[in-house]
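What's in data-v5.cif: mmCIF, C-alpha atoms
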```cif
data_target
loop_
_atom_site.label_atom_id
_atom_site.label_comp_id
_atom_site.auth_asym_id
_atom_site.auth_seq_id
_atom_site.Cartn_x
_atom_site.Cartn_y
_atom_site.Cartn_z
CA MET A 1 0.00 0.00 0.00
CA ARG A 2 1.12 3.53 -0.71
CA GLU A 3 1.69 5.61 2.43
CA ALA A 4 -0.64 8.56 2.82
CA GLU A 5 0.30 12.20 3.10
CA PHE A 6 -0.97 14.74 5.66
CA TRP A 7 -0.91 12.85 8.95
CA GLU A 8 1.05 12.67 12.19
CA LEU A 9 1.63 10.05 14.87
CA ARG A 10 -0.11 10.82 18.15
CA GLU A 11 0.30 8.40 21.10
CA GLY A 12 0.31 5.34 18.89
CA LYS A 13 -2.58 6.55 16.76
CA VAL A 14 -2.41 8.31 13.41
CA ALA A 15 -4.02 11.73 13.25
CA CYS A 16 -5.23 12.47 9.71
CA GLN A 17 -4.91 16.08 8.58
CA LEU A 18 -6.28 15.73 5.06
CA CYS A 19 -9.75 17.07 5.79
CA PRO A 20 -11.57 18.94 8.55
CA ASN A 21 -12.82 15.67 10.09
CA ARG A 22 -9.35 15.24 11.65
CA CYS A 23 -9.84 11.51 12.30
CA VAL A 24 -7.59 9.97 14.98
CA ILE A 25 -7.26 6.31 14.02
CA ALA A 26 -6.15 3.34 16.11
CA ASP A 27 -3.95 0.58 14.67
CA GLY A 28 -5.89 -1.67 12.32
CA ARG A 29 -8.76 0.79 11.94
CA ARG A 30 -9.78 3.19 9.19
CA GLY A 31 -10.88 6.80 9.08
CA ARG A 32 -14.36 7.98 8.35
CA CYS A 33 -13.67 8.19 4.60
CA LEU A 34 -12.80 4.44 4.46
CA GLY A 35 -9.81 5.11 2.20
CA ARG A 36 -7.20 5.88 4.87
CA GLY A 37 -6.18 3.75 7.84
CA ASN A 38 -3.59 2.96 10.50
CA THR A 39 -1.25 0.10 9.67
CA GLY A 40 1.30 -0.36 12.42
CA GLY A 41 1.53 3.34 13.21
CA ARG A 42 1.64 4.48 9.57
CA MET A 43 -1.26 5.90 7.61
CA THR A 44 -1.81 3.82 4.50
CA LEU A 45 -4.23 4.09 1.60
CA TYR A 46 -6.86 1.44 0.99
CA ASN A 47 -8.28 3.15 -2.09
CA TYR A 48 -5.01 3.62 -4.01
CA PRO A 49 -5.25 2.90 -6.94
CA GLN A 50 -8.69 1.30 -6.70
CA VAL A 51 -11.14 2.44 -9.39
CA VAL A 52 -14.72 1.30 -8.78
CA ALA A 53 -16.37 3.25 -11.61
CA ALA A 54 -15.04 4.36 -15.00
CA HIS A 55 -17.00 5.82 -17.91
CA LEU A 56 -16.42 8.09 -20.89
CA ASP A 57 -18.92 10.83 -20.09
CA PRO A 58 -20.01 14.08 -21.70
CA ILE A 59 -18.31 16.95 -19.86
CA GLU A 60 -21.80 18.42 -19.35
CA LYS A 61 -22.63 15.46 -17.07
CA LYS A 62 -20.14 16.63 -14.40
CA PRO A 63 -21.77 19.23 -14.77
CA LEU A 64 -19.34 21.59 -16.48
CA TYR A 65 -21.00 23.79 -19.10
CA HIS A 66 -18.20 26.29 -19.68
CA PHE A 67 -15.25 23.91 -19.98
CA PHE A 68 -14.68 22.35 -23.41
CA PRO A 69 -18.44 22.19 -24.13
CA GLY A 70 -19.51 19.20 -26.17
CA SER A 71 -16.39 17.19 -25.25
CA ALA A 72 -16.01 13.76 -23.65
CA ILE A 73 -13.99 13.09 -20.51
CA LEU A 74 -12.86 9.83 -18.92
CA SER A 75 -14.56 9.81 -15.52
CA VAL A 76 -13.31 7.66 -12.66
CA GLY A 77 -14.12 7.23 -8.99
CA THR A 78 -13.05 5.22 -5.97
CA PHE A 79 -15.01 4.15 -2.89
CA GLY A 80 -15.59 6.23 0.21
CA CYS A 81 -16.31 9.84 1.16
CA ASN A 82 -15.45 12.22 3.99
CA LEU A 83 -19.09 13.38 4.26
CA SER A 84 -22.19 11.29 4.94
CA CYS A 85 -24.94 13.24 3.22
CA ARG A 86 -28.27 11.60 3.99
CA PHE A 87 -29.41 12.37 0.41
CA CYS A 88 -26.24 11.04 -1.30
CA GLN A 89 -26.89 10.17 -4.94
CA ASN A 90 -23.98 7.66 -5.10
CA CYS A 91 -24.36 6.08 -1.66
CA GLU A 92 -23.60 2.54 -2.87
CA ILE A 93 -19.97 3.45 -3.48
CA SER A 94 -19.52 6.52 -1.28
CA GLN A 95 -20.62 4.95 2.00
CA ASN A 96 -19.21 1.45 1.53
CA GLU A 97 -15.98 -0.23 0.51
CA THR A 98 -16.78 -1.40 -2.99
CA PRO A 99 -14.60 -3.80 -5.02
CA GLY A 100 -12.80 -2.18 -7.90
CA GLU A 101 -9.90 -2.57 -10.29
CA ALA A 102 -6.34 -1.49 -9.52
CA ILE A 103 -5.42 1.05 -12.22
CA PRO A 104 -2.03 2.69 -11.56
CA PRO A 105 -1.62 6.36 -12.54
CA ASP A 106 0.44 5.63 -15.64
CA ARG A 107 -2.19 3.23 -16.94
CA LEU A 108 -4.99 5.71 -16.26
CA ALA A 109 -3.09 8.43 -18.12
CA ALA A 110 -2.61 6.03 -21.05
CA MET A 111 -6.33 5.21 -21.03
CA ALA A 112 -7.12 8.92 -21.15
CA GLU A 113 -4.78 9.42 -24.09
CA GLN A 114 -6.21 6.47 -26.01
CA ALA A 115 -9.92 7.21 -25.47
CA PRO A 116 -11.42 8.79 -28.61
CA ASP A 117 -12.05 12.55 -28.51
CA ASN A 118 -11.24 12.62 -24.79
CA ILE A 119 -9.97 15.80 -23.12
CA GLY A 120 -8.66 14.20 -19.91
CA VAL A 121 -9.78 12.65 -16.63
CA ALA A 122 -12.52 13.73 -14.25
CA PHE A 123 -12.13 12.41 -10.72
CA THR A 124 -15.77 12.10 -9.73
CA TYR A 125 -18.68 9.86 -8.58
CA THR A 126 -17.37 9.93 -4.99
CA GLU A 127 -15.13 12.50 -3.27
CA PRO A 128 -11.79 12.89 -5.11
CA GLY A 129 -10.27 14.80 -2.18
CA ILE A 130 -9.89 11.55 -0.23
CA TRP A 131 -8.09 10.16 -3.32
CA PHE A 132 -5.55 12.96 -2.95
CA GLU A 133 -2.39 10.92 -3.57
CA TYR A 134 -3.82 9.18 -6.63
CA VAL A 135 -4.89 12.50 -8.16
CA LYS A 136 -1.50 13.99 -7.30
CA ASP A 137 0.36 11.14 -9.00
CA THR A 138 -1.88 11.10 -12.08
CA ALA A 139 -2.27 14.82 -12.86
CA PRO A 140 1.34 15.43 -14.03
CA LEU A 141 1.08 12.46 -16.38
CA LEU A 142 -2.11 13.88 -17.84
CA ARG A 143 -0.44 17.23 -18.33
CA GLN A 144 2.45 15.58 -20.18
CA ALA A 145 -0.14 14.06 -22.51
CA ALA A 146 -1.86 17.48 -22.96
CA ARG A 147 -4.95 16.23 -21.11
CA GLN A 148 -7.05 18.04 -18.51
CA THR A 149 -7.48 17.19 -14.83
CA VAL A 150 -10.99 17.82 -13.51
CA LEU A 151 -12.39 17.38 -9.99
CA VAL A 152 -16.05 16.99 -9.10
CA THR A 153 -15.82 17.61 -5.40
CA ASN A 154 -17.56 18.54 -2.17
CA GLY A 155 -14.72 20.97 -1.45
CA TYR A 156 -14.37 19.62 2.11
CA LEU A 157 -10.61 19.44 2.49
CA SER A 158 -7.92 21.01 4.64
CA GLU A 159 -6.21 24.11 3.35
CA LYS A 160 -2.79 22.75 2.30
CA PRO A 161 -3.94 19.67 0.34
CA TRP A 162 -6.65 21.77 -1.29
CA GLU A 163 -4.07 24.30 -2.44
CA GLU A 164 -2.05 21.45 -3.95
CA LEU A 165 -5.08 20.17 -5.84
CA CYS A 166 -5.74 23.69 -7.14
CA GLY A 167 -2.23 23.64 -8.61
CA LEU A 168 -2.91 20.32 -10.33
CA SER A 169 -6.47 20.80 -11.61
CA GLN A 170 -7.73 22.77 -14.56
CA ALA A 171 -11.42 22.66 -13.67
CA MET A 172 -13.66 21.86 -10.72
CA ASN A 173 -17.34 21.51 -10.11
CA ILE A 174 -17.75 22.13 -6.38
CA ASP A 175 -20.87 21.33 -4.40
CA LEU A 176 -22.21 24.24 -2.39
CA LYS A 177 -24.87 22.21 -0.65
CA SER A 178 -26.35 24.96 1.48
CA PHE A 179 -25.53 28.35 2.93
CA ARG A 180 -26.31 27.13 6.46
CA ASP A 181 -23.72 25.49 8.67
CA GLY A 182 -26.53 23.61 10.42
CA PHE A 183 -27.42 21.89 7.14
CA TYR A 184 -23.84 20.65 6.73
CA ARG A 185 -23.64 19.48 10.35
CA THR A 186 -27.05 17.82 10.56
CA LEU A 187 -27.44 16.34 7.08
CA CYS A 188 -23.84 15.90 5.88
CA GLY A 189 -21.68 15.50 8.98
CA GLY A 190 -19.46 18.42 8.00
CA SER A 191 -19.30 22.20 8.17
CA LEU A 192 -19.76 25.09 5.75
CA ALA A 193 -16.74 27.34 6.41
CA PRO A 194 -14.05 25.08 4.84
CA VAL A 195 -16.15 24.75 1.67
CA LEU A 196 -16.53 28.53 1.28
CA ARG A 197 -12.81 29.03 1.91
CA ASN A 198 -11.88 26.40 -0.66
CA ILE A 199 -14.18 27.81 -3.33
CA GLU A 200 -12.53 31.19 -2.88
CA THR A 201 -9.07 29.58 -3.04
CA ALA A 202 -9.85 27.71 -6.27
CA VAL A 203 -11.24 30.80 -8.00
CA ARG A 204 -8.27 32.94 -6.97
CA ALA A 205 -5.85 30.21 -8.09
CA GLY A 206 -7.25 30.44 -11.61
CA VAL A 207 -9.02 27.08 -11.66
CA HIS A 208 -12.13 27.05 -13.81
CA VAL A 209 -14.88 26.74 -11.19
CA GLU A 210 -18.54 25.89 -11.54
CA LEU A 211 -20.84 25.31 -8.55
CA THR A 212 -23.74 22.94 -7.94
CA THR A 213 -26.50 23.24 -5.36
CA LEU A 214 -28.80 20.24 -4.96
CA VAL A 215 -32.13 21.62 -3.74
CA VAL A 216 -33.54 19.13 -1.20
CA THR A 217 -37.23 19.50 -0.47
CA GLY A 218 -37.79 20.95 2.99
CA ARG A 219 -34.08 21.06 3.77
CA ASN A 220 -32.41 23.89 1.81
CA ASP A 221 -35.30 25.21 -0.29
CA ASP A 222 -35.87 28.46 1.59
CA PRO A 223 -35.64 31.30 -0.98
CA ALA A 224 -34.14 33.66 1.63
CA GLU A 225 -31.29 31.26 2.34
CA PHE A 226 -30.72 30.66 -1.36
CA ALA A 227 -30.61 34.41 -1.96
CA GLU A 228 -27.75 34.64 0.55
CA LEU A 229 -25.90 31.87 -1.28
CA VAL A 230 -26.34 33.64 -4.62
CA ALA A 231 -25.18 36.97 -3.18
CA TRP A 232 -22.03 35.31 -1.83
CA VAL A 233 -21.23 33.71 -5.20
CA ALA A 234 -21.92 36.98 -7.04
CA ALA A 235 -19.55 38.86 -4.72
CA LEU A 236 -16.84 36.34 -5.59
CA SER A 237 -17.61 36.61 -9.33
CA PRO A 238 -20.92 37.03 -11.16
CA GLU A 239 -19.47 34.93 -14.00
CA ILE A 240 -19.21 31.71 -11.96
CA PRO A 241 -21.75 29.26 -13.44
CA LEU A 242 -24.24 27.98 -10.86
CA HIS A 243 -26.08 24.69 -11.45
CA ILE A 244 -29.33 24.33 -9.51
CA SER A 245 -30.03 20.61 -9.39
CA ARG A 246 -33.22 18.68 -8.70
CA TYR A 247 -33.12 16.21 -5.82
CA PHE A 248 -34.67 12.74 -5.82
CA PRO A 249 -35.04 10.54 -2.70
CA ARG A 250 -31.89 8.52 -2.11
CA PHE A 251 -30.00 6.86 0.72
CA ARG A 252 -31.59 8.00 4.02
CA GLU A 253 -33.56 10.99 2.73
CA THR A 254 -37.23 10.35 1.96
CA ALA A 255 -38.49 13.87 1.22
CA PRO A 256 -40.32 14.10 -2.14
CA PRO A 257 -38.45 15.25 -5.26
CA THR A 258 -37.85 18.96 -5.67
CA PRO A 259 -40.92 20.56 -7.27
CA PRO A 260 -40.04 22.03 -10.68
CA SER A 261 -41.64 25.29 -9.54
CA THR A 262 -39.00 25.60 -6.80
CA LEU A 263 -36.22 25.23 -9.33
CA GLU A 264 -37.85 27.82 -11.58
CA THR A 265 -38.11 30.27 -8.66
CA PHE A 266 -34.46 29.71 -7.73
CA PHE A 267 -33.40 30.06 -11.35
CA GLU A 268 -35.03 33.46 -11.66
CA LEU A 269 -33.68 34.55 -8.29
CA ALA A 270 -30.10 33.56 -9.18
CA ARG A 271 -30.24 35.28 -12.59
CA ARG A 272 -30.67 38.63 -10.89
CA GLN A 273 -27.04 38.51 -9.74
CA LEU A 274 -25.31 35.77 -11.74
CA ARG A 275 -24.82 35.75 -15.51
CA TYR A 276 -24.85 31.99 -16.01
CA VAL A 277 -27.41 29.87 -14.17
CA TYR A 278 -28.48 26.36 -15.13
CA VAL A 279 -31.09 23.85 -13.99
CA GLY A 280 -30.13 20.17 -13.74
CA ASN A 281 -31.84 16.79 -13.21
CA LEU A 282 -35.03 18.16 -14.76
CA ASP A 283 -36.44 17.12 -18.13
CA SER A 284 -37.00 20.65 -19.39
CA SER A 285 -35.55 23.06 -21.91
CA HIS A 286 -35.65 25.74 -19.22
CA GLY A 287 -32.26 26.73 -17.81
CA GLN A 288 -30.15 24.66 -20.19
CA ASP A 289 -28.72 27.11 -22.72
CA THR A 290 -25.79 29.49 -22.35
CA VAL A 291 -27.09 32.95 -23.14
CA CYS A 292 -24.81 35.83 -24.10
CA PRO A 293 -25.19 38.62 -21.50
CA ALA A 294 -24.52 41.25 -24.17
CA CYS A 295 -26.97 40.35 -26.95
CA GLY A 296 -29.29 37.94 -25.16
CA GLN A 297 -28.96 35.19 -27.77
CA ALA A 298 -28.34 31.52 -26.97
CA VAL A 299 -24.70 30.83 -27.78
CA ILE A 300 -24.78 27.18 -26.69
CA GLU A 301 -28.02 25.20 -26.92
CA ARG A 302 -28.37 21.95 -24.97
CA HIS A 303 -30.84 19.13 -25.42
CA GLY A 304 -29.91 16.54 -22.82
CA TYR A 305 -26.20 16.03 -23.44
CA ARG A 306 -26.41 17.09 -27.08
CA VAL A 307 -24.74 20.45 -27.61
CA ALA A 308 -25.12 22.92 -30.47
CA SER A 309 -22.64 25.77 -30.26
CA ARG A 310 -22.43 29.11 -32.06
CA LEU A 311 -19.20 30.04 -30.28
CA GLN A 312 -16.44 31.62 -32.32
CA GLY A 313 -13.49 30.67 -30.16
CA ASP A 314 -14.51 32.03 -26.77
CA ARG A 315 -16.76 34.70 -28.25
CA CYS A 316 -20.40 35.09 -29.08
CA PRO A 317 -21.04 35.99 -32.75
CA CYS A 318 -21.85 39.49 -31.47
CA GLY A 319 -18.23 39.79 -30.33
CA GLN A 320 -18.76 39.42 -26.57
CA VAL A 321 -15.99 37.42 -24.85
CA LEU A 322 -17.51 34.66 -22.71
CA PRO A 323 -15.96 32.85 -19.71
CA ILE A 324 -15.77 29.55 -21.57
CA ARG A 325 -12.67 27.39 -21.97
CA VAL A 326 -12.65 25.89 -25.44
CA GLY A 327 -9.09 24.71 -26.06
CA GLY A 328 -5.39 25.06 -25.40
CA GLU A 329 -2.82 23.26 -23.28
CA PRO A 330 -3.45 22.60 -19.57
CA HIS A 331 -2.01 25.38 -17.44
CA PRO A 332 0.00 24.23 -14.37
CA ASN A 333 -2.07 26.42 -12.09
CA GLY A 334 -5.38 25.92 -13.86
CA PRO A 335 -6.60 28.10 -16.73
CA SER A 336 -8.80 31.06 -15.92
CA SER A 337 -11.54 31.98 -18.33
CA ARG A 338 -12.51 34.96 -16.18
#
```
Would you mind giving the structure from this file in structure tokens?
Amino acid sequence: MREAEFWELREGKVACQLCPNRCVIADGRRGRCLGRGNTGGRMTLYNYPQVVAAHLDPIEKKPLYHFFPGSAILSVGTFGCNLSCRFCQNCEISQNETPGEAIPPDRLAAMAEQAPDNIGVAFTYTEPGIWFEYVKDTAPLLRQAARQTVLVTNGYLSEKPWEELCGLSQAMNIDLKSFRDGFYRTLCGGSLAPVLRNIETAVRAGVHVELTTLVVTGRNDDPAEFAELVAWVAALSPEIPLHISRYFPRFRETAPPTPPSTLETFFELARRQLRYVYVGNLDSSHGQDTVCPACGQAVIERHGYRVASRLQGDRCPCGQVLPIRVGGEPHPNGPSSR
């Protein structure tokens, strides 16, 4: 097993410092994320290089709408997570140790290079932050092959490892699950402050950032709370794309699916301060297209995962420059389209 990073020995136990959970783990036991454990006073990785899910996905499925739109990306995930969201959409692999295939970083990079029309690797499905060492070992190989490194993440990581990932990743979709710390503590087993800090860090590091909020019926569907979330994002940058996603009952959450009317209300509310707002997990043409803020015309039309683009480079036909990454080599610190 590969030895983990970000830990210290404390009275015979290993104290993990990768994420804010700060697990202190006895010999022979594992941390909350399931991927890291104490083996004879050393922290070792149980999920390196275990891949439990691998698919060639549309980049829009991540969802990333402003990063190489219309492209495919090799998407991989391991088991485990450092949060325990009661509404988790991938609970079968996030909350259990699931058998997978050992795919070393060099083989994954080769798979990414060989896959047809593939722009890189998205570390997704479960939390890639707990796969820190695997991402760290793979990202330079992807860069050598002129491929992108993408994270689909809950953003719940300690400051130093997060900064390292920002230096390795070109794009992230980060969950902003709620703007209430109580939501994170009660429903996810985490806290809000580290997520807000890490979103700010990623944006300032030049990573292409898009955000997703899953609207859970009766849990985070208060328009006043959502307005605070939108105002915070807008203060960071009104050009950050925000995906408002419909919830369906999963795992331990039994509330009914998000009413489409709630998503429509949130969509209109967010558009008052943000230039690019999208609605996900809803079979509707509403909130799918990228609209130019200058001329008001749809520059990218989406029907499911089918994309029709009128982009001319990164510009609308009217000449307006849009915050959309459409090509070029991966930048070591993450390209900024803002």
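Taking CA of Asn21 in chain A and CA of Pro161 in chain A as the two end points, the separation is 13.8 Å.
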When the PyMOL selection byres ((chain A and resi 312) around 12) is applied to the structure above, which residues does it catch, written out as a PyMOL selection string? chain A and resi 299-300+309-311+313-322+324-327
Check which residues satisfy the PyMOL selection byres ((chain A and resi 198) around 10) in the file shown, then give them as a list in words. Asn154, Gly155, Tyr156, Leu157, Ser158, Glu159, Trp162, Glu163, Cys166, Ile174, Ala193, Pro194, Val195, Leu196, Arg197, Ile199, Glu200, Thr201, Ala202, Val203 and Arg204 of chain A
For the residues in that selection, give me C-alpha atoms as a CSV table (one decimal), in the frame of the given file.
```
chain,number,residue,atom,x,y,z
A,154,ASN,CA,-17.6,18.5,-2.2
A,155,GLY,CA,-14.7,21.0,-1.4
A,156,TYR,CA,-14.4,19.6,2.1
A,157,LEU,CA,-10.6,19.4,2.5
A,158,SER,CA,-7.9,21.0,4.6
A,159,GLU,CA,-6.2,24.1,3.4
A,162,TRP,CA,-6.6,21.8,-1.3
A,163,GLU,CA,-4.1,24.3,-2.4
A,166,CYS,CA,-5.7,23.7,-7.1
A,174,ILE,CA,-17.8,22.1,-6.4
A,193,ALA,CA,-16.7,27.3,6.4
A,194,PRO,CA,-14.0,25.1,4.8
A,195,VAL,CA,-16.2,24.8,1.7
A,196,LEU,CA,-16.5,28.5,1.3
A,197,ARG,CA,-12.8,29.0,1.9
A,199,ILE,CA,-14.2,27.8,-3.3
A,200,GLU,CA,-12.5,31.2,-2.9
A,201,THR,CA,-9.1,29.6,-3.0
A,202,ALA,CA,-9.8,27.7,-6.3
A,203,VAL,CA,-11.2,30.8,-8.0
A,204,ARG,CA,-8.3,32.9,-7.0
```
Which residues, written as number ranges by chain, have at least one atom at most 9 Å from range 212-221 of chain A, with all atoms listed in the file counted and residues fewer than 3 positions away on the same chain left out? A: 63, 87, 173-180, 183, 187, 224-226, 241-249, 255-259, 262-263, 266, 280
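In this model, the gap between CA of Pro293 in chain A and CA of Leu211 in chain A comes to 19.1 Å.
Nearest to Glu239 in chain A of all the residues A:Pro323, A:Gly296, A:Gly120, A:Gly31 is A:Pro323, counting all atoms listed in the file.
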How would you write, as a ChimeraX atom specification, the residues chosen by the PyMOL selection byres ((chain A and resi 285) around 10) on this structure? /A:279,282-284,286-289,301-304
